[in-house]
$ cat structure-v9.txt   # compact mmCIF, C-alpha atoms
# COMPACT_ATOMS: atom_id res chain seq x y z
CA MET A 1 -18.63 2.74 12.16
CA SER A 2 -16.48 -0.21 11.17
CA LEU A 3 -15.85 -0.85 7.47
CA SER A 4 -15.15 -4.20 5.86
CA LEU A 5 -12.40 -4.41 3.26
CA GLU A 6 -15.05 -4.67 0.54
CA GLU A 7 -16.86 -1.55 1.82
CA TRP A 8 -13.56 0.34 1.92
CA ARG A 9 -12.74 -0.66 -1.65
CA ALA A 10 -16.19 0.43 -2.86
CA ARG A 11 -15.88 3.83 -1.17
CA PHE A 12 -12.39 4.35 -2.60
CA ALA A 13 -13.50 3.45 -6.13
CA ALA A 14 -16.50 5.79 -5.85
CA VAL A 15 -14.64 8.99 -4.95
CA GLU A 16 -15.99 11.89 -6.97
CA HIS A 17 -12.99 14.22 -6.69
CA GLY A 18 -10.18 12.43 -4.96
CA ALA A 19 -8.60 10.53 -2.12
CA PHE A 20 -5.74 11.49 0.18
CA HIS A 21 -3.79 9.08 2.39
CA LEU A 22 -1.72 10.11 5.41
CA GLU A 23 0.82 7.52 6.56
CA LEU A 24 2.50 8.07 9.91
CA ARG A 25 4.14 4.72 10.71
CA ASP A 26 7.77 3.79 10.06
CA SER A 27 6.90 0.14 9.58
CA TYR A 28 3.88 -1.90 8.55
CA GLY A 29 3.22 -5.59 9.02
CA VAL A 30 1.51 -6.33 5.71
CA ALA A 31 1.18 -10.12 5.57
CA GLU A 32 0.88 -10.18 1.77
CA GLU A 33 4.27 -8.53 1.34
CA SER A 34 6.22 -10.25 4.12
CA SER A 35 8.10 -12.59 1.76
CA ARG A 36 8.95 -9.70 -0.61
CA PHE A 37 10.13 -7.61 2.34
CA GLY A 38 12.19 -10.52 3.68
CA ARG A 39 13.94 -10.87 0.33
CA TRP A 40 14.49 -7.09 0.29
CA LEU A 41 16.15 -7.29 3.72
CA ALA A 42 18.37 -10.09 2.39
CA GLY A 43 19.55 -7.78 -0.40
CA GLU A 44 17.50 -9.31 -3.20
CA ARG A 45 15.89 -6.78 -5.54
CA GLU A 46 12.99 -7.76 -7.77
CA SER A 47 12.83 -6.65 -11.37
CA TYR A 48 10.65 -3.68 -12.24
CA ALA A 49 8.28 -6.04 -14.07
CA ASP A 50 7.94 -8.37 -11.05
CA VAL A 51 7.16 -5.47 -8.72
CA ALA A 52 4.68 -4.09 -11.27
CA GLU A 53 2.92 -7.45 -11.33
CA TRP A 54 2.79 -7.57 -7.53
CA PHE A 55 1.26 -4.05 -7.47
CA ARG A 56 -1.16 -4.70 -10.36
CA ASP A 57 -4.31 -4.82 -8.20
CA TRP A 58 -3.55 -1.54 -6.41
CA THR A 59 -2.25 0.33 -9.43
CA GLY A 60 -5.31 -0.78 -11.39
CA LYS A 61 -7.55 0.79 -8.74
CA VAL A 62 -5.50 4.00 -8.82
CA ARG A 63 -5.54 4.14 -12.63
CA ALA A 64 -9.30 3.68 -12.65
CA ILE A 65 -9.59 6.84 -10.55
CA THR A 66 -6.85 9.01 -12.01
CA SER A 67 -7.69 8.21 -15.64
CA THR A 68 -11.02 9.99 -15.14
CA GLY A 69 -9.49 13.17 -13.74
CA ARG A 70 -9.92 12.31 -10.07
CA SER A 71 -6.87 12.37 -7.81
CA VAL A 72 -5.05 10.09 -5.40
CA HIS A 73 -2.49 11.76 -3.13
CA ARG A 74 -0.39 10.45 -0.28
CA VAL A 75 1.98 11.94 2.29
CA ARG A 76 4.34 9.65 4.13
CA VAL A 77 5.69 11.12 7.35
CA VAL A 78 8.97 9.34 8.06
CA THR A 79 11.65 9.26 10.71
CA GLU A 80 15.17 9.84 9.42
CA PRO A 81 17.30 7.89 9.04
CA ILE A 82 14.53 5.88 7.43
CA SER A 83 13.67 2.36 8.54
CA PRO A 84 14.32 -0.62 6.27
CA TYR A 85 10.56 -0.83 5.66
CA ILE A 86 10.39 2.80 4.49
CA ALA A 87 13.38 2.16 2.19
CA PHE A 88 11.43 -0.79 0.77
CA GLU A 89 8.37 1.46 0.23
CA HIS A 90 10.49 4.18 -1.34
CA HIS A 91 11.95 1.68 -3.79
CA ASP A 92 8.45 0.55 -4.86
CA THR A 93 6.86 4.03 -5.04
CA PRO A 94 7.53 4.58 -8.78
CA HIS A 95 4.80 2.01 -9.47
CA ASN A 96 2.25 4.09 -7.55
CA ILE A 97 3.36 7.20 -9.40
CA ALA A 98 3.16 5.50 -12.80
CA ALA A 99 -0.49 4.72 -12.01
CA GLY A 100 -1.19 8.40 -11.30
CA GLU A 101 -0.79 8.56 -7.53
CA ASP A 102 1.03 11.66 -6.30
CA ILE A 103 3.25 10.72 -3.34
CA ARG A 104 5.23 13.06 -1.15
CA TRP A 105 7.55 12.50 1.79
CA LEU A 106 7.85 14.56 4.96
CA PRO A 107 10.69 13.90 7.39
CA ARG A 108 9.22 13.80 10.90
CA HIS A 109 11.71 16.37 12.18
CA GLN A 110 10.28 18.86 9.65
CA LEU A 111 6.71 18.62 10.93
CA PRO A 112 5.22 21.95 11.97
CA GLU A 113 5.86 22.61 15.64
CA GLY A 114 2.95 21.64 17.83
CA ILE A 115 1.04 19.75 15.15
CA VAL A 116 -1.68 17.53 16.53
CA PHE A 117 -2.83 14.63 14.39
CA PRO A 118 -6.57 13.97 14.48
CA VAL A 119 -7.99 10.51 15.23
CA GLY A 120 -5.33 9.52 17.72
CA GLY A 121 -2.41 9.78 15.32
CA ASN A 122 -3.63 6.86 13.20
CA ASP A 123 -3.18 6.67 9.43
CA TRP A 124 -6.22 7.73 7.45
CA TRP A 125 -7.76 8.17 4.04
CA LEU A 126 -9.71 11.36 3.33
CA LEU A 127 -12.33 10.77 0.63
CA ASP A 128 -13.73 13.79 -1.24
CA ASP A 129 -13.09 15.96 1.84
CA SER A 130 -16.30 14.53 3.30
CA ALA A 131 -15.46 11.13 4.80
CA LEU A 132 -12.54 9.69 6.65
CA VAL A 133 -11.43 6.08 6.78
CA VAL A 134 -9.12 5.54 9.75
CA ASN A 135 -6.73 2.60 9.65
CA HIS A 136 -6.16 0.86 12.98
CA PHE A 137 -3.15 -1.40 13.52
CA ASP A 138 -2.21 -4.11 15.99
CA ALA A 139 1.06 -4.15 17.97
CA ASP A 140 2.87 -5.80 15.02
CA GLY A 141 1.83 -3.08 12.57
CA ARG A 142 -0.81 -5.21 10.85
CA SER A 143 -4.05 -3.57 9.80
CA SER A 144 -6.66 -4.65 12.32
CA SER A 145 -9.70 -2.59 11.28
CA ARG A 146 -11.02 0.37 9.33
CA GLU A 147 -13.30 2.98 10.85
CA LEU A 148 -15.54 5.32 8.85
CA ILE A 149 -15.92 8.83 10.27
CA GLU A 150 -18.20 11.39 8.65
CA ASP A 151 -18.33 13.88 11.54
CA PRO A 152 -17.75 17.25 9.79
CA VAL A 153 -15.58 18.56 12.64
CA VAL A 154 -13.20 15.58 12.49
CA VAL A 155 -13.15 15.62 8.69
CA ALA A 156 -12.40 19.37 8.67
CA ALA A 157 -9.48 18.82 11.07
CA CYS A 158 -8.07 16.21 8.68
CA VAL A 159 -8.54 18.51 5.68
CA GLN A 160 -6.57 21.16 7.57
CA VAL A 161 -3.74 18.71 8.38
CA ARG A 162 -3.69 17.48 4.79
CA ASP A 163 -3.42 21.01 3.41
CA LEU A 164 -0.65 21.92 5.84
CA LEU A 165 1.43 18.79 5.26
CA TRP A 166 0.93 18.63 1.49
CA GLY A 167 2.48 22.07 1.11
CA GLN A 168 5.53 21.05 3.14
CA ALA A 169 6.04 17.52 1.87
CA ILE A 170 8.68 16.71 -0.73
CA PRO A 171 7.65 15.16 -4.07
CA HIS A 172 8.93 11.61 -4.47
CA ALA A 173 11.32 12.51 -7.31
CA ASP A 174 12.96 15.16 -5.10
CA TYR A 175 13.17 13.17 -1.85
CA PRO A 176 16.53 11.52 -1.24
CA PRO A 177 15.88 9.07 1.61
CA VAL A 178 18.30 9.48 4.49
CA THR A 179 19.60 6.07 5.55
CA ALA A 180 21.75 5.10 8.51

$ encode --input "structure-v9.txt" --output "structure tokens"
Amino acid sequence: MSLSLEEWRARFAAVEHGAFHLELRDSYGVAEESSRFGRWLAGERESYADVAEWFRDWTGKVRAITSTGRSVHRVRVVTEPISPYIAFEHHDTPHNIAAGEDIRWLPRHQLPEGIVFPVGGNDWWLLDDSALVVNHFDADGRSSSRELIEDPVVVAACVQVRDLLWGQAIPHADYPPVTA
């Protein structure tokens, strides 16, 4: 079942226990951040306050969840040396963490041997261990759609992957990104 952006936001805000995001791409084509990313590539670094302002909408959503004892976790599986986009994300991650999101990094070469990612290797959000929102991307890495999956077999496979990767992933404060 396809989800609109508004439906996705409502489901995220309504989690009872928590949300987990698995990111598997080394680059994303997020239109809203293209000018920021372009400046980053040119060597320009925004102030902490400017980045905080840019993230205000997302961090507000995360704070609304985490301030009530619910959790937001994320694992980013990355190729090393990391791409410029992942370096950009790593630089901005302290804002997510300040809002209460727990983010960990897992170098792709450290993935468990033979791991199979459910839902075609797409990124996904696991909500309360009962629903999955799969992110689909176009060839340029732009989000093209969101798919809701509530099939207990698929959800259980994602819970299993989450539990496996979370235990192996490196907390943000301890992950030194490997650059070229």

$ axis_aligned_box --input "structure-v9.txt" --around "stretch 114-128 of chain A" --padding-each-side "3 Å" --output "JSON"
{"center_x": -5.4, "center_y": 14.2, "center_z": 8.3, "size_x": 22.7, "size_y": 21.0, "size_z": 25.1}

$ closest_atom_pairs --input "structure-v9.txt" --of "stretch 12-101 of chain A" --to "stretch 158-176 of chain A" --cutoff "10 Å" --atoms "all atoms listed in the file" --output "CSV"
residue,atom,partner,partner_atom,distance
A:Phe20,CA,A:Arg162,CA,7.8
A:His21,CA,A:Arg162,CA,8.7
A:Leu22,CA,A:Arg162,CA,7.7
A:His73,CA,A:Trp166,CA,9.0
A:Arg74,CA,A:Trp166,CA,8.5
A:Val75,CA,A:Trp166,CA,6.8
A:Arg76,CA,A:Ala169,CA,8.4
A:Val77,CA,A:Ala169,CA,8.4
A:His90,CA,A:His172,CA,8.2
A:Thr93,CA,A:His172,CA,7.9
A:Pro94,CA,A:His172,CA,8.4
A:Ile97,CA,A:His172,CA,8.6

$ closest_residue --input "structure-v9.txt" --among "A:Ile149, A:Val119, A:Ala99, A:Val155" --to "A:Ala52" --atoms "only C-alpha atoms"
A:Ala99

$ residues_near_point --input "structure-v9.txt" --point "(10.1, 14.1, 12.2)" --cutoff "9 Å" --atoms "all atoms listed in the file" --output "list in words"
Val77, Val78, Thr79, Glu80, Leu106, Pro107, Arg108, His109, Gln110 and Leu111 of chain A

$ closest_residue --input "structure-v9.txt" --among "A:Arg56, A:Arg36, A:His136, A:Arg63" --to "A:Tyr85" --atoms "all atoms listed in the file"
A:Arg36

$ closest_residue --input "structure-v9.txt" --among "A:Val30, A:Ala139, A:Ile103, A:Leu132" --to "A:Pro152" --atoms "only C-alpha atoms"
A:Leu132

$ closest_residue --input "structure-v9.txt" --among "A:Thr66, A:Ser34, A:Ser145, A:Thr179" --to "A:Glu7" --atoms "only C-alpha atoms"
A:Ser145

$ residues_near_point --input "structure-v9.txt" --point "(16.2, -1.2, 6.9)" --cutoff "12 Å" --atoms "all atoms listed in the file" --output "short mmCIF file (atom, residue, chain, number, x, y, z; two decimals) with C-alpha atoms, keeping the file's coordinate frame"
data_model
loop_
_atom_site.label_atom_id
_atom_site.label_comp_id
_atom_site.auth_asym_id
_atom_site.auth_seq_id
_atom_site.Cartn_x
_atom_site.Cartn_y
_atom_site.Cartn_z
CA ASP A 26 7.77 3.79 10.06
CA SER A 27 6.90 0.14 9.58
CA PHE A 37 10.13 -7.61 2.34
CA GLY A 38 12.19 -10.52 3.68
CA ARG A 39 13.94 -10.87 0.33
CA TRP A 40 14.49 -7.09 0.29
CA LEU A 41 16.15 -7.29 3.72
CA ALA A 42 18.37 -10.09 2.39
CA GLY A 43 19.55 -7.78 -0.40
CA GLU A 80 15.17 9.84 9.42
CA PRO A 81 17.30 7.89 9.04
CA ILE A 82 14.53 5.88 7.43
CA SER A 83 13.67 2.36 8.54
CA PRO A 84 14.32 -0.62 6.27
CA TYR A 85 10.56 -0.83 5.66
CA ILE A 86 10.39 2.80 4.49
CA ALA A 87 13.38 2.16 2.19
CA PHE A 88 11.43 -0.79 0.77
CA GLU A 89 8.37 1.46 0.23
CA HIS A 90 10.49 4.18 -1.34
CA HIS A 91 11.95 1.68 -3.79
CA PRO A 177 15.88 9.07 1.61
CA VAL A 178 18.30 9.48 4.49
CA THR A 179 19.60 6.07 5.55
CA ALA A 180 21.75 5.10 8.51
#

$ closest_residue --input "structure-v9.txt" --among "A:Arg104, A:Arg146, A:Lys61, A:His95" --to "A:Ala13" --atoms "only C-alpha atoms"
A:Lys61

$ closest_residue --input "structure-v9.txt" --among "A:Ser71, A:Ser35, A:Ser4, A:Asn122" --to "A:Asp138" --atoms "all atoms listed in the file"
A:Asn122

$ residues_around --input "structure-v9.txt" --residues "A:Trp8" --least-positions-apart "5" --cutoff "12 Å" --atoms "all atoms listed in the file" --output "PyMOL selection string"
chain A and resi 1-3+13-15+124-127+131-135+145-148

$ decode --input "structure-v9.txt" --residues "stretch 136-163 of chain A" --atoms "N, CA and C atoms" --output "short mmCIF file (atom, residue, chain, number, x, y, z; two decimals), in the first residue's frame"
data_model
loop_
_atom_site.label_atom_id
_atom_site.label_comp_id
_atom_site.auth_asym_id
_atom_site.auth_seq_id
_atom_site.Cartn_x
_atom_site.Cartn_y
_atom_site.Cartn_z
N HIS A 136 11.32 4.02 -1.45
CA HIS A 136 11.76 3.69 -2.81
C HIS A 136 12.39 4.94 -3.41
N PHE A 137 13.44 4.74 -4.21
CA PHE A 137 14.21 5.84 -4.77
C PHE A 137 14.28 5.72 -6.28
N ASP A 138 14.42 6.87 -6.96
CA ASP A 138 14.63 6.85 -8.40
C ASP A 138 16.12 6.69 -8.68
N ALA A 139 16.49 6.70 -9.95
CA ALA A 139 17.89 6.46 -10.35
C ALA A 139 18.84 7.54 -9.81
N ASP A 140 18.31 8.72 -9.49
CA ASP A 140 19.15 9.81 -8.97
C ASP A 140 19.18 9.85 -7.45
N GLY A 141 18.61 8.83 -6.80
CA GLY A 141 18.63 8.77 -5.34
C GLY A 141 17.58 9.63 -4.67
N ARG A 142 16.60 10.09 -5.45
CA ARG A 142 15.50 10.88 -4.87
C ARG A 142 14.39 9.95 -4.43
N SER A 143 13.79 10.26 -3.29
CA SER A 143 12.67 9.46 -2.81
C SER A 143 11.54 9.54 -3.83
N SER A 144 11.06 8.39 -4.26
CA SER A 144 10.00 8.38 -5.26
C SER A 144 8.67 7.92 -4.68
N SER A 145 8.71 7.10 -3.61
CA SER A 145 7.46 6.67 -3.00
C SER A 145 7.75 5.98 -1.67
N ARG A 146 6.69 5.81 -0.90
CA ARG A 146 6.75 5.09 0.37
C ARG A 146 5.70 3.99 0.32
N GLU A 147 6.08 2.81 0.78
CA GLU A 147 5.18 1.67 0.76
C GLU A 147 4.99 1.14 2.18
N LEU A 148 3.75 0.99 2.59
CA LEU A 148 3.43 0.43 3.90
C LEU A 148 3.28 -1.08 3.78
N ILE A 149 4.01 -1.80 4.63
CA ILE A 149 3.92 -3.26 4.69
C ILE A 149 3.62 -3.65 6.13
N GLU A 150 2.55 -4.42 6.31
CA GLU A 150 2.19 -4.90 7.64
C GLU A 150 2.17 -6.42 7.70
N ASP A 151 2.67 -7.08 6.67
CA ASP A 151 2.76 -8.54 6.63
C ASP A 151 3.69 -8.97 7.77
N PRO A 152 3.18 -9.78 8.72
CA PRO A 152 4.00 -10.15 9.89
C PRO A 152 5.29 -10.88 9.54
N VAL A 153 5.32 -11.60 8.45
CA VAL A 153 6.54 -12.33 8.06
C VAL A 153 7.61 -11.34 7.61
N VAL A 154 7.23 -10.36 6.81
CA VAL A 154 8.18 -9.35 6.34
C VAL A 154 8.65 -8.48 7.50
N VAL A 155 7.71 -8.07 8.35
CA VAL A 155 8.06 -7.25 9.50
C VAL A 155 9.02 -8.01 10.42
N ALA A 156 8.75 -9.29 10.66
CA ALA A 156 9.63 -10.09 11.52
C ALA A 156 11.03 -10.20 10.93
N ALA A 157 11.13 -10.32 9.61
CA ALA A 157 12.46 -10.37 8.97
C ALA A 157 13.21 -9.07 9.19
N CYS A 158 12.50 -7.95 9.16
CA CYS A 158 13.14 -6.65 9.39
C CYS A 158 13.52 -6.47 10.86
N VAL A 159 12.70 -6.97 11.76
CA VAL A 159 13.06 -6.93 13.19
C VAL A 159 14.35 -7.70 13.40
N GLN A 160 14.46 -8.86 12.76
CA GLN A 160 15.66 -9.69 12.91
C GLN A 160 16.89 -8.97 12.36
N VAL A 161 16.77 -8.34 11.21
CA VAL A 161 17.90 -7.57 10.64
C VAL A 161 18.26 -6.41 11.54
N ARG A 162 17.25 -5.70 12.03
CA ARG A 162 17.51 -4.58 12.94
C ARG A 162 18.30 -5.03 14.16
N ASP A 163 17.84 -6.11 14.79
CA ASP A 163 18.50 -6.58 16.00
C ASP A 163 19.94 -7.01 15.73
#
